[in-house]
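Beneath this line is the structure, given in C-alpha cells, with notes to follow.
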Amino acid sequence: MIRILSAPLPNIPWQEKPENCTSPVWRYSENPIIRRNPISGVARIFNSAVIQYNDEFIGVFRGEQKNGVPMIYLGKSRDALHWEFEQEKINFTDENGQPFMPIYAYDPRLVKVEDTYYIIWCQDMYGAAIGMAKTRDFRTFTRMENPFLPYNRNAVLFPRKIDGKYIMLSRPCDNGHTAFGDIFLSESRDLEYWGHHRHVMGRTESWWESLKIGGGAAPIETTEGWLIFYHGVCSTCNGYVYSIGAAMLDINHPSKVLHRCEDYILTPEEWYEERGFVQNVCFPCATLHDSETGRIVLYYGCADSYVSAAFTTVQEIYEYILAHDRLSPADTEPGKR
Ligand code: BMA
C-alpha cells in the first residue's frame, strides 16, 4: 500500500472509474470544465492550477486575452469543477505595493509552502523566463525575484522544504517552440538565490516523450517518494503532440528518479484535446489529492483552449508506474557532472 502524506481533502471532486476503462487515469465525464470565452475579453483559459483554500477552491488561470497576450486570472469554486473568474487579471505589485505587471504570463503553477502560496509562471525577461509571486490572502500578489536566467519554462515548486531548502524543478529552453529539453532541479534557502542545480530526468526512447519533457503538477508526497505528473512531447509531420507521463522521485534526493513509466498515462484522444487553438495538447499543471482515500484529480490544459480534469488513485497510478517501469542511467545518477 502506498499512501499520500498530505492533509485530507474530503470534498475532493470524484467520479468512479468506468468499467470499460483500461487506462490508470480516467477523464471527467463533463470535460472540458472550462470552455471558450470564459471571461469578457478572454478567448480561452487553459494550462491552469488550482488548490484548496479554506473550505473551497481557488486557482490561477492562464487567460488568453483577445489580443492574444496571455495573463493570469483568479478563479474560485465550491466544488473544484465549476469555476467563477474575476473579470480583471491578477494585479501584481512589487515589494512596495507598486504595480508591477509582467509583459505576459502563462502556464501558472500554484503551490503552498508553509503558510504562503506561490505562483510560478513563464514570462518575459528579455526572453522566456520564470516569474514568481507570493500571496497569503489571494488579494495582494507580490512579485519576487525571477529565480532563473532566461531561457526557462515549466518551473514547479515542491510543497515543502527538503533539508531546509526550497526545491524547484524547471526546464531550460530557447525563446521559441523549443525542440529539446530535460527537467532540472535547483535549491534555495530563501527563494531568491538558487543553486545546487541537478539534472532530474531527460527525454527517452519512448517516442511520446522523445523530443522534450517538462514539469507539470506540483509533486505529491507519498510513502514511496514524490509522485510527479509531467508533460512529454513528440514531433510529428503535423507538429508537436503533448502527452502526460508519471514518475516517482526519491523523497530526500528528488534529483534521483526511482521509477518512471515507459508509457504515457494520458494522451490526446478526445475532441477537446485533439482540436483547438493548438491541436493535440494535454498539459498538466496541478492536482488535488486526498490522503484519506488516495484519490487524485489531475487538472490539465487541452489543445491550448480548455481545462479538463481526470481521476486516478495513488495506488492505481503507482502500480501502473511499477508495471511499466523503465529507468535510464540519466534518471538514476545524482545529476551532477
Ligand atoms: C508550450 C507551452 C504551453 C503550450 C504548448 C503547446 O511550449 O507554451 O503553454 O500549451 O507549448 O502549444
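Scheme for the C-alpha cells: letters A, B, ... for chains in order shown; per-chain residue numbers from 1; ligand numbers from 1 in order shown.
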**Request:** Excluding Arg203 (chain A) and any residue of its chain fewer than 5 positions from it, enumerate the residues within 12 Å of it, using only C-alpha atoms, and give them as a ChimeraX atom specification.
**Result:** /A:171,179-184,208-214,230-234,245,260,262,327-331
Using only C-alpha atoms, which protein or nucleic acid residues come within 8 Å of Pro159 (chain A)? Drop anything in the same chain fewer than 2 positions from it, and give the result as a compact mmCIF listing (two decimals) with C-alpha atoms, in the first residue's frame.
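So around09.txt came out as:
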```
# COMPACT_ATOMS: atom_id res chain seq x y z
CA VAL A 111 1.93 25.77 -4.59
CA LYS A 112 1.53 26.29 -0.84
CA VAL A 113 4.70 26.02 1.23
CA LEU A 157 7.97 24.31 -6.66
CA LYS A 161 11.39 22.24 2.02
CA ALA A 218 3.50 20.13 -8.02
CA PRO A 219 4.97 16.86 -6.69
CA ILE A 220 2.75 14.79 -4.39
```
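Selection of all polymer residues within 9 Å of ligand 1 on the basis of only C-alpha atoms and all ligand atoms gives Phe46, Asn47, Arg62, Tyr106, Asp107, Cys122, Arg153, Asn154, Gly176, His177, Thr178, Tyr240, Val241, Tyr242, Phe277, Val278, Gln279, Asn280, Val281, Cys282, Phe283, Gly301, Cys302, Ala303, Asp304 and Ser305 of chain A.
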Selection above as a file: C-alpha atoms, as a PDB file, in the first residue's frame:
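The resulting file, part00.pdb, is reproduced below:
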```
ATOM      1  CA  PHE A  46      -6.054  26.535 -20.327  1.00  0.00           C
ATOM      2  CA  ASN A  47      -2.843  25.312 -18.595  1.00  0.00           C
ATOM      3  CA  ARG A  62      -3.890  31.236 -17.983  1.00  0.00           C
ATOM      4  CA  TYR A 106       1.435  31.876 -18.924  1.00  0.00           C
ATOM      5  CA  ASP A 107       1.245  28.313 -17.610  1.00  0.00           C
ATOM      6  CA  CYS A 122       6.520  31.783 -17.647  1.00  0.00           C
ATOM      7  CA  ARG A 153       9.859  27.351 -18.688  1.00  0.00           C
ATOM      8  CA  ASN A 154       7.765  24.966 -16.600  1.00  0.00           C
ATOM      9  CA  GLY A 176      10.842  29.677 -29.442  1.00  0.00           C
ATOM     10  CA  HIS A 177       8.968  26.388 -29.659  1.00  0.00           C
ATOM     11  CA  THR A 178      11.934  24.602 -28.117  1.00  0.00           C
ATOM     12  CA  TYR A 240       4.139  18.572 -31.623  1.00  0.00           C
ATOM     13  CA  VAL A 241       1.967  16.174 -29.573  1.00  0.00           C
ATOM     14  CA  TYR A 242       1.837  16.749 -25.781  1.00  0.00           C
ATOM     15  CA  PHE A 277      -6.028  26.629 -30.940  1.00  0.00           C
ATOM     16  CA  VAL A 278      -3.088  24.182 -30.839  1.00  0.00           C
ATOM     17  CA  GLN A 279      -4.092  20.631 -31.653  1.00  0.00           C
ATOM     18  CA  ASN A 280      -3.055  17.534 -29.661  1.00  0.00           C
ATOM     19  CA  VAL A 281      -2.072  19.054 -26.330  1.00  0.00           C
ATOM     20  CA  CYS A 282      -2.618  17.576 -22.848  1.00  0.00           C
ATOM     21  CA  PHE A 283      -0.688  19.839 -20.481  1.00  0.00           C
ATOM     22  CA  GLY A 301      -4.907  22.174 -20.317  1.00  0.00           C
ATOM     23  CA  CYS A 302      -6.385  20.849 -23.560  1.00  0.00           C
ATOM     24  CA  ALA A 303      -5.392  21.964 -27.055  1.00  0.00           C
ATOM     25  CA  ASP A 304      -4.437  25.419 -25.679  1.00  0.00           C
ATOM     26  CA  SER A 305      -8.205  26.060 -25.495  1.00  0.00           C
TER      27      SER A 305
END
```
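The gap separating CA of Tyr306 (chain A) from CA of Arg36 (chain A) is 6.8 Å, in Å to one decimal.
Among A:Tyr73, A:Leu185, A:Tyr117, A:Thr267, the residue with the shortest atom-to-atom distance to Glu86 (chain A), counting only C-alpha atoms, is A:Tyr73.
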**Item:** Residue neighbourhood Ala105 (chain A), 12 Å, only C-alpha atoms, exclusion window fewer than 6 positions, as a PyMOL selection string
**Value:** chain A and resi 47-48+60-65+68-73+89-92+119-125+128-133+153-154
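Distance-wise, CA of Ile296 (chain A) and CA of Glu19 (chain A) end up 18.3 Å apart.
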